[in-house]
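Asks: The structure under discussion is supplied below as structure tokens; questions concerning it will follow.
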2 protein chains.
Amino acid sequence: MPARALPGFREFYPEEISLRNHIFAAWRNVARRYGFEEYDGPPLEPLELYTEKSGPEIVGQLYEFVDKGQRRVALRPEMTPTLARMVGARAASLKKPIRWYSIPQLFRYERQQRGRLREHFQLNMDIIGEPGPLADAEIIGAAIDVQRALGLGPEDVRVRISDRRVLRCLLLGAGVPEEDLTATFMAIDRVGRVQNVAELIEKALEHAPEDRTAIAKRVLEIASIRDRGRLEKALGDVGAGSVAEGLLDCLDALRAMGFEEFVDLDLSIVRGLAYYTGIVFELFDAQQSLRAICGGGRYDGLLGALGGADLPAVGFGMGDVVLGELIKEKNLLPSKRAALDVFIVAVTGADMPEVLALARELRDAGIAVEYPLRLQSVAKQLKLAAAREARWAVMVGPDERSEGKVLLRDLASGSEEKVGREALLQRLGTVTAGK
Amino acid sequence: MPARALPGFREFYPEEISLRNHIFAAWRNVARRYGFEEYDGPPLEPLELYTEKSGPEIVGQLYEFVDKGQRRVALRPEMTPTLARMVGARAASLKKPIRWYSIPQLFRYERQQRGRLREHFQLNMDIIGEPGPLADAEIIGAAIDVQRALGLGPEDVRVRISDRRVLRCLLLGAGVPEEDLTATFMAIDRVGRVQNVAELIEKALEHAPEDRTAIAKRVLEIASIRDRGRLEKALGDVGAGSVAEGLLDCLDALRAMGFEEFVDLDLSIVRGLAYYTGIVFELFDAQQSLRAICGGGRYDGLLGALGGADLPAVGFGMGDVVLGELIKEKNLLPSKRAALDVFIVAVTGADMPEVLALARELRDAGIAVEYPLRLQSVAKQLKLAAAREARWAVMVGPDERSEGKVLLRDLASGSEEKVGREALLQRLGTVTAGK
């Protein structure tokens, strides 16, 4: 037996790759309609590209090794460091805002995660060089339009949006010490995932004076804000109304785009990653029974910190796995379109040269064609045609050849018709147009 | 500065990925027209998958390491072992002949190869389960049709075809001892690449009696066969005419397909890999100034030897690098099609909600749209529209809004026209149909 695939790595048989290609097609379609250009980088990179950004602790989660040239290398776990390098190298000549997307395969070695994948494909979309909230709205709009392109509506998928600048301001107003902000963010990130969030918040308030329980209560109150009215009141209370301008402009823009029904304001959203600086968002299935579909936000300091160009940026990553599960769950798999248009049947061995010439002609016209690769009975050939789910059979026999015609059979209805070469091309060409 | 990309690994900026996508599109288009289904496997595999097939010496050319679970793993250097495993696991349920293709990224660590890439993308097409020569012709036809799809004709690209069964028979007839056949094959493989082939052949004839120089002369004569007449005569001389039936049937089929003008019979072709059992072929640029575009052949014993299913098989691998060089050399790059259809211009800040709603509407209609992500002068917006090579500008201002219209400007001709929403969609929809 050949060595089995590594745990956490997928094999894609034709039926599985058709789901993957369906998702990729939606990604590319939305990226095109939004005027994004594609890029790609190496799947193997110097290890320091990732330790630079995430610190040495990331090494434990990577596929990393020393190559034959004694370089420490890693399979890419994410795309942003590569993006930062590529943008940095040509920052002066790239027209801003840069609107780029990529569909990398990403790799993480996570131990003791039974059944958890160690690779996935991820759509990355980023707008670089524009600090304003319309860029955030544009990116979120694109994430929503991917859902729509796959047939997922607001009853299937929810977008939750917050802004770290707003949360920060409210937390400071509630008495969270500056030094405890990051830890408090991380505690709030657990809202809805664990039971003891209040406890986690109290623990995070290391530098707070004695009334930690009271502060934690106010923090939880802030994290529970889900509407503009409460948000504006809370900000008014701490005299910082203007800090929410970006967030509200973003929400207004999403409303103008007609995406309001997908969107929830949710101040408990902070996203795990430390480098977000403004609006953050995530997409989940409405039941929240699956992991996140997509997460993203604004990361204005990161590109500069990574040694690229110091440009503001906003973007997201959207994986193929959860999206695929949701598509299957909601029965949104595209109806299997016959891959094969025509199966040409050779009635006798003497018909083969004509079959080959016809195959060439039809394929040149863009038609998907198969024919028997050995002499077989007509019945066997038709069986293979049926197994391939061909739409038509075109029979070539001595009689047809002497008449300069072929017999065209519709394999669904069984109806047959003798047609000349030109009429055949016309019939099939019309059927397969626009493929 | 962020860590640079590893030597031998490519970054694909938008202008480079458009060439890659152009090649991929031709690959997929031909695969579809030939009725092939796509599959894919993991880019990281157990090391033994490759040592099993190629012996332990392959390890020196691989990106291989020990993962955190103490498994010896390697980045895939080729697709066939993965294909063998996947077919083997479902051999009984897959309808034969299996017609599969894949576009994996492959990795090799080759030392001291200045400027040589360590990764590339490769189209793999294989027909599994059919031993007859029509399968070989079908596979070679697909390789030729990829060239045609990219605009390359018989004056640009040549296909050279041989058959190891035929060569073997002629070599034995010329006095090459059975034990020296493999070494003699490998010496013939150097014809046209090195000067001292005669010497190499003599060296290969380890087990031959004293007349090695005479045998080597006859071997070179055989390797110089380029036409059917000489081939048939040579086979007649050793009383083995029928051994060439497969090769001649394959050539006849390629002629019936109308591909004769691409094809050269060439008995010096053996292909380096040891596992080919019948017809072998390669595609080169006509000047042979580049490396091979494609190599392939029949490998009837390999799938079984790899522990998969014991099925006859024929296939090829075609890389993206040489093909890309040839496309550029022949100026066959597709004319850059404007990625962006429409740039919407907001005349004043009050027009933004209308701009956003219009962007949504046009994108829903499949049109590629960009608009300014911040308030800017109309002149600046039009400059960005020009930089994006947008085909149209759609101007939304207070006057237009009060009339329920927009100003549509053709950015190539500069002509303008005020149109209502419906007329706009109709105009743009027609222009971008079929994208």
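Labels for the structure tokens follow display order: chains A, B, ..., residues from 1 in each chain, ligands from 1.
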Please report as a PyMOL selection string which residues of chain B come no farther than 7 Å from chain A, using only C-alpha atoms.
Replies: chain B and resi 1-3+5-6+9-14+17+32-35+37-42+45-46+48-49+63+65+67+85+132+134-135+253+256-258+306-308+339-340+353+356-357+360+363+366-370+373-374+434
Asks: Pro398 (chain B): which residues within 12 Å, counting only C-alpha atoms, same-chain residues fewer than 2 positions away excluded, as a list of chain:residue names?
Replies: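 Contacts, in chain order: B:Val345, B:Ala346, B:Val347, B:Thr348, B:Gly349, B:Ala350, B:Asp351, B:Met352, B:Pro353, B:Glu354, B:Val355, B:Met395, B:Val396, B:Glu400, B:Arg401, B:Ser402, B:Glu403, B:Gly404, B:Lys405, B:Val406, B:Leu407.
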Asks: Dump C-alpha atoms for the selected residues as an mmCIF file, in the first residue's frame?
Replies:
data_model
loop_
_atom_site.group_PDB
_atom_site.id
_atom_site.type_symbol
_atom_site.label_atom_id
_atom_site.label_comp_id
_atom_site.auth_asym_id
_atom_site.auth_seq_id
_atom_site.Cartn_x
_atom_site.Cartn_y
_atom_site.Cartn_z
ATOM 1 C CA VAL B 345 -17.196 59.511 -9.782
ATOM 2 C CA ALA B 346 -18.827 61.317 -6.837
ATOM 3 C CA VAL B 347 -19.077 64.999 -7.700
ATOM 4 C CA THR B 348 -19.822 66.042 -4.090
ATOM 5 C CA GLY B 349 -19.803 64.331 -0.713
ATOM 6 C CA ALA B 350 -23.594 64.308 -0.723
ATOM 7 C CA ASP B 351 -23.485 62.024 -3.760
ATOM 8 C CA MET B 352 -21.712 59.188 -1.927
ATOM 9 C CA PRO B 353 -24.814 57.224 -0.804
ATOM 10 C CA GLU B 354 -26.006 57.241 -4.406
ATOM 11 C CA VAL B 355 -22.541 56.165 -5.583
ATOM 12 C CA MET B 395 -20.464 60.606 -12.858
ATOM 13 C CA VAL B 396 -22.963 61.125 -10.063
ATOM 14 C CA GLU B 400 -27.788 64.228 -12.253
ATOM 15 C CA ARG B 401 -29.416 62.993 -9.062
ATOM 16 C CA SER B 402 -32.222 65.542 -9.291
ATOM 17 C CA GLU B 403 -32.879 64.323 -12.832
ATOM 18 C CA GLY B 404 -32.619 60.659 -11.839
ATOM 19 C CA LYS B 405 -29.754 60.225 -14.284
ATOM 20 C CA VAL B 406 -25.983 59.757 -14.441
ATOM 21 C CA LEU B 407 -23.376 61.052 -16.847
#
Asks: Contacts of Ile293 (chain A) at 10 Å or less, counting only C-alpha atoms, minus same-chain residues fewer than 2 places along, as a list of chain:residue names?
Replies: A:Ala143, A:Gln147, A:Val157, A:Arg158, A:Val159, A:Glu282, A:Leu283, A:Phe284, A:Asp285, A:Leu290, A:Arg291, A:Gly295, A:Gly317, A:Met318, A:Gly319, A:Asp320, A:Val321, A:Val322, A:Leu323, A:Gly324, A:Leu326
Asks: Within region 238-319 of chain A, find each residue whose DSSP state, derived from the backbone, is helix (DSSP H, G or I), and express the selection as a ChimeraX atom specification.
Replies: /A:241-256,260-262,302-305
Asks: Write a file of the just-selected residues containing N, CA and C atoms, as a CSV table (one decimal), in the first residue's frame.
Replies:
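Okay, this is what ended up in result_4.csv:
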chain,number,residue,atom,x,y,z
A,241,GLY,N,-18.0,61.4,21.8
A,241,GLY,CA,-18.9,61.1,20.7
A,241,GLY,C,-18.2,60.9,19.4
A,242,SER,N,-17.1,61.7,19.1
A,242,SER,CA,-16.6,61.7,17.8
A,242,SER,C,-15.7,60.5,17.5
A,243,VAL,N,-15.4,59.7,18.5
A,243,VAL,CA,-14.5,58.6,18.3
A,243,VAL,C,-15.2,57.5,17.4
A,244,ALA,N,-16.5,57.5,17.5
A,244,ALA,CA,-17.3,56.5,16.7
A,244,ALA,C,-17.6,56.9,15.3
A,245,GLU,N,-17.1,58.0,14.9
A,245,GLU,CA,-17.4,58.5,13.5
A,245,GLU,C,-17.1,57.5,12.5
A,246,GLY,N,-15.9,56.9,12.5
A,246,GLY,CA,-15.5,55.9,11.5
A,246,GLY,C,-16.4,54.7,11.5
A,247,LEU,N,-16.7,54.2,12.6
A,247,LEU,CA,-17.6,53.0,12.7
A,247,LEU,C,-18.9,53.4,12.2
A,248,LEU,N,-19.5,54.5,12.5
A,248,LEU,CA,-20.8,54.9,12.1
A,248,LEU,C,-20.8,55.2,10.6
A,249,ASP,N,-19.8,55.8,10.1
A,249,ASP,CA,-19.7,56.1,8.6
A,249,ASP,C,-19.7,54.7,7.9
A,250,CYS,N,-18.9,53.8,8.4
A,250,CYS,CA,-18.8,52.5,7.8
A,250,CYS,C,-20.2,51.8,7.8
A,251,LEU,N,-20.9,51.8,8.9
A,251,LEU,CA,-22.2,51.2,9.0
A,251,LEU,C,-23.2,51.9,8.0
A,252,ASP,N,-23.1,53.3,7.9
A,252,ASP,CA,-23.9,54.0,7.0
A,252,ASP,C,-23.6,53.6,5.5
A,253,ALA,N,-22.4,53.5,5.2
A,253,ALA,CA,-22.0,53.1,3.9
A,253,ALA,C,-22.5,51.7,3.5
A,254,LEU,N,-22.4,50.8,4.5
A,254,LEU,CA,-23.0,49.4,4.2
A,254,LEU,C,-24.5,49.5,4.0
A,255,ARG,N,-25.2,50.4,4.7
A,255,ARG,CA,-26.6,50.6,4.5
A,255,ARG,C,-26.9,51.1,3.1
A,256,ALA,N,-26.1,52.1,2.7
A,256,ALA,CA,-26.2,52.7,1.3
A,256,ALA,C,-26.0,51.6,0.3
A,260,GLU,N,-27.4,46.3,4.9
A,260,GLU,CA,-27.7,46.5,6.3
A,260,GLU,C,-28.3,45.2,6.9
A,261,GLU,N,-29.1,44.5,6.2
A,261,GLU,CA,-29.7,43.3,6.8
A,261,GLU,C,-28.7,42.2,7.1
A,262,PHE,N,-27.5,42.3,6.7
A,262,PHE,CA,-26.5,41.3,7.0
A,262,PHE,C,-25.7,41.7,8.3
A,302,LEU,N,0.7,47.8,10.8
A,302,LEU,CA,1.4,46.5,10.6
A,302,LEU,C,2.4,46.5,9.5
A,303,LEU,N,2.0,47.0,8.3
A,303,LEU,CA,2.8,47.0,7.1
A,303,LEU,C,4.2,47.7,7.4
A,304,GLY,N,4.1,48.8,8.1
A,304,GLY,CA,5.3,49.5,8.4
A,304,GLY,C,6.1,48.8,9.5
A,305,ALA,N,5.4,48.2,10.5
A,305,ALA,CA,6.1,47.4,11.5
A,305,ALA,C,6.8,46.2,10.9
Asks: So which residues of region 40-219 of chain A fall under strand (DSSP E) by DSSP, listed as an MDAnalysis selection string?
Replies: chainID A and resid 44:46 64:66 72:75 98:102 105:107 119:128 157:163
Asks: Once you have the residues from the selection above, write them out as a compact mmCIF listing (two decimals), in the first residue's frame, restricted to N, CA, C and O atoms.
Replies:
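See result09.txt below for the written result:
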# COMPACT_ATOMS: atom_id res chain seq x y z
N LEU A 44 6.53 28.59 0.54
CA LEU A 44 7.61 28.38 1.51
C LEU A 44 8.36 29.71 1.66
O LEU A 44 8.71 30.35 0.66
N GLU A 45 8.57 30.12 2.92
CA GLU A 45 9.17 31.43 3.17
C GLU A 45 10.24 31.31 4.27
O GLU A 45 10.24 30.33 5.03
N PRO A 46 11.13 32.29 4.38
CA PRO A 46 12.06 32.31 5.52
C PRO A 46 11.26 32.36 6.82
O PRO A 46 10.29 33.11 6.92
N GLU A 64 7.93 24.03 10.01
CA GLU A 64 9.18 24.75 9.76
C GLU A 64 10.34 23.76 9.83
O GLU A 64 10.25 22.74 10.51
N PHE A 65 11.39 24.07 9.09
CA PHE A 65 12.55 23.19 9.06
C PHE A 65 13.76 23.94 8.53
O PHE A 65 13.65 25.11 8.15
N VAL A 66 14.89 23.26 8.52
CA VAL A 66 16.12 23.84 7.96
C VAL A 66 16.31 23.22 6.59
O VAL A 66 16.32 22.00 6.45
N ARG A 72 16.51 28.61 7.68
CA ARG A 72 15.31 28.26 8.45
C ARG A 72 14.09 28.72 7.67
O ARG A 72 13.95 29.91 7.38
N VAL A 73 13.25 27.79 7.31
CA VAL A 73 12.11 28.09 6.43
C VAL A 73 10.83 27.55 7.04
O VAL A 73 10.84 26.73 7.95
N ALA A 74 9.69 28.04 6.53
CA ALA A 74 8.38 27.59 7.02
C ALA A 74 7.37 27.62 5.89
O ALA A 74 7.44 28.48 5.00
N LEU A 75 6.44 26.66 5.92
CA LEU A 75 5.29 26.73 5.03
C LEU A 75 4.42 27.89 5.52
O LEU A 75 4.17 28.02 6.73
N ILE A 98 -4.19 50.43 -3.19
CA ILE A 98 -3.90 49.10 -3.75
C ILE A 98 -5.07 48.19 -3.38
O ILE A 98 -5.46 48.13 -2.21
N ARG A 99 -5.63 47.52 -4.38
CA ARG A 99 -6.74 46.60 -4.14
C ARG A 99 -6.29 45.25 -4.65
O ARG A 99 -6.33 44.98 -5.84
N TRP A 100 -5.88 44.38 -3.75
CA TRP A 100 -5.28 43.10 -4.13
C TRP A 100 -6.00 41.95 -3.45
O TRP A 100 -6.44 42.07 -2.30
N TYR A 101 -6.04 40.83 -4.15
CA TYR A 101 -6.52 39.60 -3.51
C TYR A 101 -5.64 38.43 -3.88
O TYR A 101 -4.88 38.48 -4.86
N SER A 102 -5.72 37.38 -3.08
CA SER A 102 -4.95 36.17 -3.32
C SER A 102 -5.71 34.97 -2.74
O SER A 102 -6.55 35.15 -1.85
N GLN A 105 -2.89 28.61 -0.32
CA GLN A 105 -3.07 27.49 0.60
C GLN A 105 -2.17 27.76 1.80
O GLN A 105 -1.00 28.09 1.62
N LEU A 106 -2.73 27.67 3.00
CA LEU A 106 -2.00 28.00 4.23
C LEU A 106 -1.85 26.77 5.10
O LEU A 106 -2.67 25.85 5.04
N PHE A 107 -0.82 26.76 5.94
CA PHE A 107 -0.47 25.55 6.70
C PHE A 107 -0.21 25.90 8.16
O PHE A 107 0.50 26.85 8.46
N GLU A 119 -4.19 22.25 6.74
CA GLU A 119 -4.06 23.15 5.60
C GLU A 119 -5.45 23.64 5.23
O GLU A 119 -6.43 22.96 5.50
N HIS A 120 -5.52 24.81 4.67
CA HIS A 120 -6.76 25.25 4.04
C HIS A 120 -6.44 26.31 3.00
O HIS A 120 -5.31 26.81 2.93
N PHE A 121 -7.42 26.60 2.17
CA PHE A 121 -7.27 27.70 1.22
C PHE A 121 -7.99 28.91 1.80
O PHE A 121 -9.00 28.78 2.49
N GLN A 122 -7.44 30.07 1.56
CA GLN A 122 -8.01 31.27 2.17
C GLN A 122 -8.01 32.42 1.18
O GLN A 122 -6.97 32.76 0.60
N LEU A 123 -9.18 33.01 0.98
CA LEU A 123 -9.25 34.25 0.21
C LEU A 123 -8.75 35.39 1.08
O LEU A 123 -9.25 35.60 2.19
N ASN A 124 -7.75 36.09 0.61
CA ASN A 124 -7.27 37.31 1.26
C ASN A 124 -7.61 38.50 0.39
O ASN A 124 -7.22 38.53 -0.78
N MET A 125 -8.35 39.46 0.93
CA MET A 125 -8.61 40.71 0.21
C MET A 125 -8.13 41.87 1.06
O MET A 125 -8.42 41.90 2.26
N ASP A 126 -7.40 42.77 0.48
CA ASP A 126 -6.86 43.90 1.23
C ASP A 126 -6.93 45.19 0.41
O ASP A 126 -6.71 45.17 -0.81
N ILE A 127 -7.24 46.28 1.11
CA ILE A 127 -7.12 47.62 0.51
C ILE A 127 -6.02 48.34 1.27
O ILE A 127 -6.10 48.48 2.49
N ILE A 128 -5.02 48.78 0.55
CA ILE A 128 -3.83 49.37 1.18
C ILE A 128 -3.64 50.79 0.69
O ILE A 128 -3.68 51.04 -0.52
N VAL A 157 -26.07 33.93 7.28
CA VAL A 157 -24.75 34.45 7.64
C VAL A 157 -24.91 35.84 8.27
O VAL A 157 -25.67 36.66 7.79
N ARG A 158 -24.18 36.07 9.36
CA ARG A 158 -24.22 37.39 10.02
C ARG A 158 -22.82 38.00 10.05
O ARG A 158 -21.83 37.30 10.28
N VAL A 159 -22.78 39.30 9.85
CA VAL A 159 -21.54 40.07 9.97
C VAL A 159 -21.60 40.88 11.25
O VAL A 159 -22.54 41.65 11.43
N ARG A 160 -20.63 40.67 12.12
CA ARG A 160 -20.61 41.45 13.36
C ARG A 160 -19.44 42.41 13.31
O ARG A 160 -18.31 42.02 13.00
N ILE A 161 -19.73 43.69 13.62
CA ILE A 161 -18.73 44.75 13.43
C ILE A 161 -18.52 45.52 14.71
O ILE A 161 -19.48 45.81 15.44
N SER A 162 -17.27 45.84 14.98
CA SER A 162 -16.95 46.74 16.08
C SER A 162 -15.78 47.62 15.66
O SER A 162 -15.36 47.59 14.49
N ASP A 163 -15.28 48.40 16.60
CA ASP A 163 -14.14 49.27 16.32
C ASP A 163 -13.30 49.33 17.59
O ASP A 163 -13.80 49.72 18.64
Asks: Near Trp392 (chain B), counting only C-alpha atoms, which residues have an atom at most 10 Å away, once you skip same-chain residues fewer than 4 positions from it, shown as a ChimeraX atom specification?
Replies: /B:340-344,369,385-386,408-414,416,428
Asks: With distances taken over only C-alpha atoms, which residue among A:Pro154, A:Glu206, A:Gln426, A:Cys169 lies nearest Gly236 (chain A)?
Replies: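 Checking each candidate against Gly236 (chain A), we get A:Cys169 as the closest.
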Asks: Work out how far apart CA of Leu19 (chain B) and CA of Ala26 (chain A) are and give it in Å to one decimal.
Replies: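 CA of Leu19 (chain B) sits 21.2 Å away from CA of Ala26 (chain A).
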Asks: Out of A:Gln287, A:Thr184, A:Ser335, A:Thr51, which residue has the shortest atom-to-atom distance to Val219 (chain A) when counting only C-alpha atoms?
Replies: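 The closest residue to Val219 (chain A) is A:Thr184.
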